[in-house]
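Peer 1: Got a structure here, written out as structure tokens. Questions coming.
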Amino acid sequence: MATLAAGPDTAAEGIVARNLTRTFHTAVRRPGFAGALRSLVDPLRVEKTAVRDVSFSVERGRLLALLGPNGAGKSTTIKMLTGILTPTSGEARVAGVVPYRERERNARNIGAVFGQRTQLWWDLPARESFAVLRDVYGVPQAEHRARLAEFDSLLELSEFWDTRVRHLSLGQRVRCDLAAALLHDPPVVFLDEPTIGMDVVVKEQVRGFLRHQVERRGRTVLLTTHDMTEVARLAERVVLINHGRIVLDGSLEEIRGRFGGTWQVHATLDPAELEGAPPPGIRVVRREGPRVVFGPDGSGGPGGSGGAAPPTVHRALRAIVERYRVTDLALEENDLEDVMRAAYLRREERPVRDAAEDGAVADGAAADGAAGDGAAPAAGRSA
Amino acid sequence: MAAPARAPHRPWRTAWITPRGELLSPPRLTATALRLTVQVFLVVFLWRGLYAQTDGAVAGLDREQAVAYAVLAVLALRIRELDRHSGRDTVQQHLHHGTIVYWFLRPVAPRRYHALRALGDQLYGFAWVVAGYLLCRSAGVLPPPASAEAGAAFLAGVVLGQLVLYRVMLLVDLLCFWTLRDGAALRIVQFAQNLLSGAFAPLWFFPGWFRTMSDFLPFQATLNTPLSLYIGRIPPSEAPHALLVQAVWAVGLAVLTRWLWHRAALRVVSQGG
Ligand SMILES: Nc1ncnc2c1ncn2[C@@H]1O[C@H](COP(=O)(O)OP(=O)(O)OP(=O)(O)O)[C@@H](O)[C@H]1O
Ligand SMILES: [Mg+2]
């Protein structure tokens with residue numbers, strides 16, 4: 001197996017995933033009593049590939065959002081990168097360490113929050129949990145105090161950090177978990193849905209905290225979330241994953257460009273016009289009397305059905321105005337959530353090569369390692 | 001950012017987690033004290049009542065010995081009855097909720113972390129035992145050890161017994177990595193531990209086949225051996241052999257659990273996410 005470049009490669013200090021694949025084997029019960037008996041001696045094993053051939057890299061000091069629908073394989077990817085799971089095949093390197101091979105060394109380099117689970121001790125006040133972790137990681141006392149003060153100024157922890165964790169609200173608890181994960185000053189941070197259960201004010205606070213950690217402290221952050229506002233505010237770059245495969249690796253603009261074509265034009269037409277067929281590439285979504293809503297033809301956005309891509313909003317506007325006599329016109333473009341819905345729902349997968357190449361382009365002048373790794377799956381697959 | 005000089009790992013605070021949680025909730029302390037008192041009184045009355053029907057020794061134990069054994073067993077159970085469950089801090093719960101992942105994300109091996117926590121728990125439980133012991137002694141329900149030699153052998157037996165006990169409990173915890181959905185299996189092991197260690201009743205009262213069976217199991221090394229040394233049911237002349245058996249169990253289980261830790265680390269598949 002080719003090993004990852006270990007030299008003075010900038011990406012090697014951040015996160016590098018190359019062809020990561022993870023297959024789970026689970027025993028399923030056969031139906032009925034006889035089936036249950038048979039399953040005892042001859043368990044029926046099903047194989048499920050949760051992550052397939054995932055390659056990407058995050059440079060040091062950058063934040064990357066790993067997005068995808070439920071069950072896409074995001075958490076599984078993070079578990080491999082944190083060293084909890086060993087990949088079935090492929091390789092990972094985090095801050096220069098292969099995480100699942102050197103768990104303890106890796107532990108000093110990374111911090112992790114799995115939003116739904118706490119690493120704090122239920123019966124202790126949060127601050128005492130911090131002290132336990134300080135001793136576990138061997139952080140000097142002065143450094144610990146300074147860092148706690150910093151986290152407190154950003155996350156307002158001192159309001160509740162003397163409360164026992166069992167009595168904290170979800171949002172308070174996750175904030176404490178964020179602090180706990182960063183107390184030992186890890187250069188790389190993994191956050192699996194860190195803003196789960198937070199109200200809008202606290203979410204903004206946490207975003208500020210994360211920005212601070214990336215921009216001022218130079219930490220590398222890999223984040224998953226289902227909150228698109230968060231993505232819009234935090235992420236320069238996203239990796240979109242679906243059914244365990246990378247669909248796209250690029251900037252938010254690229255995602256909008258590829259999946260954001262689901263515009264709608266609301267028009268009020270002259271009643272005489274109503275019978276005419278819409279211009280090519282445009283279809284009637286809804287019609288109430290003279291009011292008609294047009295959308296791009298082809299379900300699920302531009303990548304949808306074959307044939308020519310539907311027109312952009314601007315071209316569609318011109319076509320509609322040219323075709324009909326329009327008395328009123330309004331334009332509605334999608335927000336990021338609609339874009340993501342289109343991306344998640346898209347049925348068939350375009351060859352990974354596309355996505356990877358986009359990724360490489362998106363990296364632009366980024367380190368060779370990053371771009372090279374982005375393109376790796378294309379080279380690796382003979383398809 | 002590159003890791004600066006680190007202070008060494010200071011383990012005592014990790015060991016202190018459960019006791020600290022207990023001390024922070026006084027109702028639990030009161031409940032423990034109350035429960036211990038009631039249990040001690042009950043076993044004292046139970047065994048004195050039983051012996052009132054007979055005269056002399058039963059199964060080689062006279063009345064004082066039987067009462068002393070039962071009282072010590074009640075106290076000793078306290079050592080491992082720390083309530084980790086309500087703190088969502090048992091291995092089974094960590095596996096169930098997926099929080100076990102954090103054990104593998106820290107620079108302390110899970111094996112070491114588990115041992116440290118147990119050490120703290122057992123020392124804390126031991127403080128309760130000493131307090132209870134002194135109270136029972138002064139209340140006259142507990143005689144002193146059968147002899148000075150018996151006392152010394154008892155102390156050695158307690159330490160070895162705690163080592164074996166830790167490994168047995170660890171074995172149960174490790175089994176959770178495989179039988180996650182199988183709480184029943186775990187309860188059976190726990191019941192066997194209580195029964196076969198002598199916690200429910202002195203092993204000497206059980207039939208011969210039962211004692212033979214328990215000779216081949218580690219459970220009696222946890223409790224029955226030190227208690228029998230204390231009351232003199234195992235005479236000091238046989239103490240070296242009894243202690244040796246305990247030591248063999250301690251070492252054998254250490255090897256086994258070490259290997260299981262290795263296997264468990266390979267298969268830790270955290271649930272959900
Ligand atoms: N331990 C496991 N055993 C079997 N299958 C698993 C296991 N863990 C995950 N899977 C499967 O792998 C797939 C990916 O799961 P994963 O938890 O990585 O998804 P996710 O992207 O994090 O989803 P979500 O957004 O809902 O958190 C799912 O289909 C899941 O059923
Ligand atoms: Mg997940």
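In the structure tokens, each chain is lettered A, B, ... as it comes, each chain's residues begin at 1, and ligands are numbered from 1 in order of appearance.
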Return as a list of chain:residue names the residues belonging to chain A that are within 6 Å of chain B, counting only C-alpha atoms.

Peer 2: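 Close to chain B, chain A has A:Ser75, A:Glu104, A:Ala107, A:Arg117, A:Trp122, A:Asp123, A:Leu124, A:Val132, A:Asp135, A:Val136, A:Gly138, A:Val139, A:Pro140.
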
Peer 1: Let's have the selection written as a JSON list (two decimals), in the first residue's frame, with all heavy atoms.

Peer 2:
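Written out: again-v1.json:
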```json
[["chain", "number", "residue", "atom", "x", "y", "z"],
["A", 75, "SER", "N", -20.37, 10.50, 10.37],
["A", 75, "SER", "CA", -19.85, 10.11, 11.69],
["A", 75, "SER", "C", -18.84, 8.98, 11.56],
["A", 75, "SER", "O", -17.84, 8.93, 12.27],
["A", 75, "SER", "CB", -20.99, 9.69, 12.61],
["A", 75, "SER", "OG", -21.84, 10.77, 12.87],
["A", 104, "GLU", "N", -2.89, 6.62, 21.28],
["A", 104, "GLU", "CA", -2.54, 7.52, 22.38],
["A", 104, "GLU", "C", -1.77, 8.74, 21.91],
["A", 104, "GLU", "O", -1.99, 9.84, 22.41],
["A", 104, "GLU", "CB", -1.74, 6.75, 23.43],
["A", 104, "GLU", "CG", -2.67, 5.92, 24.32],
["A", 104, "GLU", "CD", -1.93, 5.15, 25.39],
["A", 104, "GLU", "OE1", -1.08, 5.73, 26.08],
["A", 104, "GLU", "OE2", -2.20, 3.95, 25.50],
["A", 107, "ALA", "N", -4.19, 10.98, 20.38],
["A", 107, "ALA", "CA", -5.08, 11.62, 21.35],
["A", 107, "ALA", "C", -4.57, 12.99, 21.79],
["A", 107, "ALA", "O", -5.34, 13.88, 22.08],
["A", 107, "ALA", "CB", -5.27, 10.71, 22.56],
["A", 117, "ARG", "N", -23.25, 13.09, 22.68],
["A", 117, "ARG", "CA", -22.67, 12.37, 23.82],
["A", 117, "ARG", "C", -21.70, 13.27, 24.54],
["A", 117, "ARG", "O", -20.93, 13.97, 23.93],
["A", 117, "ARG", "CB", -21.88, 11.17, 23.33],
["A", 117, "ARG", "CG", -22.57, 10.40, 22.32],
["A", 117, "ARG", "CD", -21.60, 9.89, 21.32],
["A", 117, "ARG", "NE", -22.37, 9.13, 20.36],
["A", 117, "ARG", "CZ", -21.87, 8.19, 19.62],
["A", 117, "ARG", "NH1", -20.60, 7.91, 19.69],
["A", 117, "ARG", "NH2", -22.63, 7.55, 18.80],
["A", 122, "TRP", "N", -20.99, 12.94, 34.78],
["A", 122, "TRP", "CA", -22.35, 13.30, 35.10],
["A", 122, "TRP", "C", -22.51, 13.87, 36.51],
["A", 122, "TRP", "O", -23.29, 14.78, 36.74],
["A", 122, "TRP", "CB", -23.15, 12.01, 34.96],
["A", 122, "TRP", "CG", -24.57, 12.13, 34.61],
["A", 122, "TRP", "CD1", -25.62, 11.64, 35.34],
["A", 122, "TRP", "CD2", -25.15, 12.72, 33.45],
["A", 122, "TRP", "NE1", -26.79, 11.91, 34.70],
["A", 122, "TRP", "CE2", -26.53, 12.57, 33.54],
["A", 122, "TRP", "CE3", -24.62, 13.39, 32.34],
["A", 122, "TRP", "CZ2", -27.41, 13.05, 32.58],
["A", 122, "TRP", "CZ3", -25.49, 13.86, 31.38],
["A", 122, "TRP", "CH2", -26.86, 13.69, 31.51],
["A", 123, "ASP", "N", -21.78, 13.30, 37.47],
["A", 123, "ASP", "CA", -21.97, 13.69, 38.87],
["A", 123, "ASP", "C", -21.05, 14.82, 39.32],
["A", 123, "ASP", "O", -21.15, 15.27, 40.45],
["A", 123, "ASP", "CB", -21.74, 12.47, 39.78],
["A", 123, "ASP", "CG", -22.97, 11.59, 39.84],
["A", 123, "ASP", "OD1", -24.06, 12.10, 39.58],
["A", 123, "ASP", "OD2", -22.82, 10.40, 40.16],
["A", 124, "LEU", "N", -20.16, 15.24, 38.44],
["A", 124, "LEU", "CA", -19.23, 16.29, 38.84],
["A", 124, "LEU", "C", -19.65, 17.62, 38.21],
["A", 124, "LEU", "O", -20.20, 17.64, 37.12],
["A", 124, "LEU", "CB", -17.81, 15.97, 38.37],
["A", 124, "LEU", "CG", -17.13, 14.71, 38.90],
["A", 124, "LEU", "CD1", -15.67, 14.69, 38.44],
["A", 124, "LEU", "CD2", -17.21, 14.65, 40.41],
["A", 132, "VAL", "N", -10.11, 17.19, 35.85],
["A", 132, "VAL", "CA", -9.72, 15.80, 35.62],
["A", 132, "VAL", "C", -8.98, 15.71, 34.29],
["A", 132, "VAL", "O", -7.91, 15.11, 34.18],
["A", 132, "VAL", "CB", -10.95, 14.87, 35.60],
["A", 132, "VAL", "CG1", -10.55, 13.47, 35.18],
["A", 132, "VAL", "CG2", -11.62, 14.85, 36.96],
["A", 135, "ASP", "N", -5.49, 17.01, 34.28],
["A", 135, "ASP", "CA", -4.53, 16.07, 34.84],
["A", 135, "ASP", "C", -4.27, 14.90, 33.90],
["A", 135, "ASP", "O", -3.16, 14.37, 33.83],
["A", 135, "ASP", "CB", -5.02, 15.56, 36.19],
["A", 135, "ASP", "CG", -4.87, 16.61, 37.27],
["A", 135, "ASP", "OD1", -4.42, 17.73, 36.92],
["A", 135, "ASP", "OD2", -5.18, 16.33, 38.44],
["A", 136, "VAL", "N", -5.31, 14.49, 33.17],
["A", 136, "VAL", "CA", -5.13, 13.38, 32.23],
["A", 136, "VAL", "C", -4.16, 13.80, 31.12],
["A", 136, "VAL", "O", -3.28, 13.03, 30.73],
["A", 136, "VAL", "CB", -6.49, 12.96, 31.63],
["A", 136, "VAL", "CG1", -6.27, 12.11, 30.39],
["A", 136, "VAL", "CG2", -7.30, 12.19, 32.66],
["A", 138, "GLY", "N", -2.08, 16.28, 31.36],
["A", 138, "GLY", "CA", -0.87, 16.89, 31.91],
["A", 138, "GLY", "C", -0.68, 18.33, 31.49],
["A", 138, "GLY", "O", 0.44, 18.76, 31.20],
["A", 139, "VAL", "N", -1.75, 19.09, 31.46],
["A", 139, "VAL", "CA", -1.63, 20.51, 31.12],
["A", 139, "VAL", "C", -1.19, 21.28, 32.35],
["A", 139, "VAL", "O", -1.76, 21.11, 33.43],
["A", 139, "VAL", "CB", -3.00, 21.06, 30.64],
["A", 139, "VAL", "CG1", -2.89, 22.53, 30.28],
["A", 139, "VAL", "CG2", -3.52, 20.24, 29.49],
["A", 140, "PRO", "N", -0.15, 22.12, 32.20],
["A", 140, "PRO", "CA", 0.29, 22.91, 33.37],
["A", 140, "PRO", "C", -0.83, 23.81, 33.89],
["A", 140, "PRO", "O", -1.65, 24.31, 33.12],
["A", 140, "PRO", "CB", 1.44, 23.75, 32.81],
["A", 140, "PRO", "CG", 1.89, 23.03, 31.59],
["A", 140, "PRO", "CD", 0.69, 22.34, 31.04]]
```

Peer 1: Please identify all polymer residues within 9 Å of Leu154 (chain A), counting only C-alpha atoms, omitting same-chain residues fewer than 4 positions from it, and present them as a short mmCIF file (atom, residue, chain, number, x, y, z; two decimals) with N, CA, C and O atoms, in the first residue's frame.

Peer 2:
```
data_model
loop_
_atom_site.label_atom_id
_atom_site.label_comp_id
_atom_site.auth_asym_id
_atom_site.auth_seq_id
_atom_site.Cartn_x
_atom_site.Cartn_y
_atom_site.Cartn_z
N ALA A 149 -10.14 30.72 31.05
CA ALA A 149 -10.60 32.11 31.02
C ALA A 149 -10.97 32.50 29.59
O ALA A 149 -11.98 33.16 29.34
N GLU A 150 -10.13 32.07 28.65
CA GLU A 150 -10.41 32.38 27.24
C GLU A 150 -11.75 31.75 26.82
O GLU A 150 -12.60 32.41 26.22
N GLN A 205 -22.83 32.22 19.31
CA GLN A 205 -21.69 32.25 20.22
C GLN A 205 -20.68 31.15 19.88
O GLN A 205 -19.48 31.39 19.82
N VAL A 206 -21.21 29.97 19.64
CA VAL A 206 -20.34 28.85 19.33
C VAL A 206 -19.63 29.06 17.99
O VAL A 206 -18.46 28.75 17.83
N GLY A 208 -18.78 31.90 16.79
CA GLY A 208 -17.71 32.85 17.09
C GLY A 208 -16.53 32.14 17.72
O GLY A 208 -15.37 32.38 17.39
N PHE A 209 -16.85 31.22 18.62
CA PHE A 209 -15.82 30.44 19.29
C PHE A 209 -15.00 29.64 18.27
O PHE A 209 -13.77 29.65 18.30
N HIS A 212 -12.82 31.80 16.14
CA HIS A 212 -11.67 32.20 16.94
C HIS A 212 -10.63 31.08 16.97
O HIS A 212 -9.43 31.32 16.80
#
```

Peer 1: From a DSSP calculation on the backbone, collect every residue of region 33-269 of chain B in alpha helix (DSSP H) and output the set as a ChimeraX atom specification.

Peer 2: /B:33-52,63-79,91-97,110-139,148-175,183-197,208-215,219-222,224-231,239-267

Peer 1: Neighbours of ligand 1 within 9 Å, counting only C-alpha atoms and all ligand atoms, as a short mmCIF file (atom, residue, chain, number, x, y, z; two decimals) with N, CA and C atoms, in the first residue's frame?

Peer 2:
```cif
data_model
loop_
_atom_site.label_atom_id
_atom_site.label_comp_id
_atom_site.auth_asym_id
_atom_site.auth_seq_id
_atom_site.Cartn_x
_atom_site.Cartn_y
_atom_site.Cartn_z
N ARG A 22 -15.07 1.90 4.88
CA ARG A 22 -15.39 1.14 6.08
C ARG A 22 -16.64 0.30 5.84
N THR A 23 -16.49 -0.98 6.07
CA THR A 23 -17.61 -1.90 5.91
C THR A 23 -17.99 -2.44 7.28
N PHE A 24 -19.28 -2.42 7.57
CA PHE A 24 -19.77 -3.00 8.82
C PHE A 24 -20.41 -4.35 8.53
N HIS A 25 -20.20 -5.28 9.43
CA HIS A 25 -20.92 -6.55 9.34
C HIS A 25 -21.87 -6.61 10.50
N THR A 26 -23.12 -6.83 10.22
CA THR A 26 -24.06 -6.99 11.32
C THR A 26 -24.83 -8.28 11.13
N GLU A 47 -23.65 -7.17 5.07
CA GLU A 47 -22.51 -6.30 4.94
C GLU A 47 -23.01 -4.93 4.53
N LYS A 48 -22.48 -3.93 5.16
CA LYS A 48 -22.90 -2.58 4.78
C LYS A 48 -21.67 -1.70 4.70
N THR A 49 -21.48 -1.11 3.54
CA THR A 49 -20.36 -0.21 3.39
C THR A 49 -20.83 1.20 3.71
N ALA A 50 -20.39 1.69 4.85
CA ALA A 50 -20.86 3.00 5.31
C ALA A 50 -20.10 4.13 4.66
N VAL A 51 -18.82 3.87 4.38
CA VAL A 51 -17.96 4.88 3.76
C VAL A 51 -17.17 4.19 2.66
N LEU A 66 -18.18 18.83 6.73
CA LEU A 66 -18.50 17.56 6.09
C LEU A 66 -20.01 17.44 6.13
N LEU A 67 -20.63 17.50 4.96
CA LEU A 67 -22.09 17.54 4.91
C LEU A 67 -22.64 16.31 4.22
N GLY A 68 -23.88 16.03 4.50
CA GLY A 68 -24.54 14.92 3.86
C GLY A 68 -25.79 14.57 4.62
N PRO A 69 -26.71 13.86 3.98
CA PRO A 69 -27.96 13.50 4.65
C PRO A 69 -27.72 12.47 5.77
N ASN A 70 -28.73 12.19 6.54
CA ASN A 70 -28.63 11.17 7.60
C ASN A 70 -28.16 9.86 7.01
N GLY A 71 -27.22 9.25 7.68
CA GLY A 71 -26.74 7.95 7.23
C GLY A 71 -25.75 8.03 6.08
N ALA A 72 -25.26 9.21 5.79
CA ALA A 72 -24.36 9.36 4.65
C ALA A 72 -22.98 8.78 4.93
N GLY A 73 -22.62 8.72 6.20
CA GLY A 73 -21.30 8.21 6.54
C GLY A 73 -20.39 9.25 7.17
N LYS A 74 -20.95 10.36 7.57
CA LYS A 74 -20.14 11.43 8.16
C LYS A 74 -19.53 11.00 9.49
N SER A 75 -20.37 10.50 10.37
CA SER A 75 -19.85 10.11 11.69
C SER A 75 -18.84 8.98 11.56
N THR A 76 -19.11 8.05 10.65
CA THR A 76 -18.19 6.94 10.46
C THR A 76 -16.83 7.47 9.99
N THR A 77 -16.85 8.44 9.09
CA THR A 77 -15.61 9.05 8.63
C THR A 77 -14.86 9.68 9.80
N ILE A 78 -15.60 10.41 10.62
CA ILE A 78 -14.96 11.07 11.76
C ILE A 78 -14.41 10.03 12.73
N LYS A 79 -15.13 8.94 12.92
CA LYS A 79 -14.63 7.92 13.83
C LYS A 79 -13.33 7.31 13.32
N ASP A 192 -18.64 16.59 15.67
CA ASP A 192 -19.76 15.91 15.02
C ASP A 192 -21.05 16.51 15.58
N GLU A 193 -21.67 17.36 14.82
CA GLU A 193 -22.89 18.06 15.23
C GLU A 193 -22.74 18.77 16.58
N THR A 224 -19.22 18.45 11.25
CA THR A 224 -20.43 18.04 10.55
C THR A 224 -21.61 18.75 11.20
N THR A 225 -22.58 19.07 10.40
CA THR A 225 -23.75 19.73 10.94
C THR A 225 -24.90 19.57 9.95
N HIS A 226 -26.10 19.73 10.48
CA HIS A 226 -27.26 19.77 9.58
C HIS A 226 -27.81 21.19 9.53
N ILE A 241 -21.06 14.45 1.10
CA ILE A 241 -20.95 13.00 1.05
C ILE A 241 -22.35 12.42 1.07
N ASN A 242 -22.56 11.41 0.26
CA ASN A 242 -23.87 10.77 0.22
C ASN A 242 -23.68 9.29 -0.08
N HIS A 243 -24.43 8.45 0.59
CA HIS A 243 -24.28 7.01 0.46
C HIS A 243 -22.82 6.60 0.59
N GLY A 244 -22.09 7.27 1.47
CA GLY A 244 -20.72 6.89 1.74
C GLY A 244 -19.71 7.38 0.73
N VAL B 268 -14.25 -2.10 19.29
CA VAL B 268 -15.12 -1.04 19.79
C VAL B 268 -15.74 -0.32 18.59
N VAL B 269 -17.00 -0.55 18.43
CA VAL B 269 -17.74 0.11 17.38
C VAL B 269 -18.77 0.94 18.11
N SER B 270 -18.51 2.20 18.17
CA SER B 270 -19.44 2.98 18.97
C SER B 270 -20.78 3.03 18.27
N GLN B 271 -21.80 2.97 19.07
CA GLN B 271 -23.15 2.93 18.53
C GLN B 271 -23.60 4.32 18.14
N GLY B 272 -24.41 4.35 17.12
CA GLY B 272 -25.10 5.59 16.77
C GLY B 272 -24.16 6.69 16.31
N GLY B 273 -24.74 7.80 15.97
CA GLY B 273 -23.86 8.89 15.57
C GLY B 273 -24.42 9.60 14.38
#
```

Peer 1: Could you work out how far CA of Leu174 (chain B) lies from atom 1 (Mg, counted along the ligand's line) of ligand 2, giving the answer in Å with one decimal?

Peer 2: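 Interatomic distance here is 25.8 Å.
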
Peer 1: Using only C-alpha atoms, can you tell me which of A:Ser39, A:Pro296, A:Phe190, A:Val58 comes closest to Gly83 (chain A)?

Peer 2: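 Under the stated criterion, the closest residue is A:Phe190.
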
Peer 1: How far is it from CA of Gln220 (chain B) to CA of Val44 (chain B), in Å with one decimal?

Peer 2: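 According to the coordinates, CA of Gln220 (chain B) and CA of Val44 (chain B) are separated by 21.9 Å.
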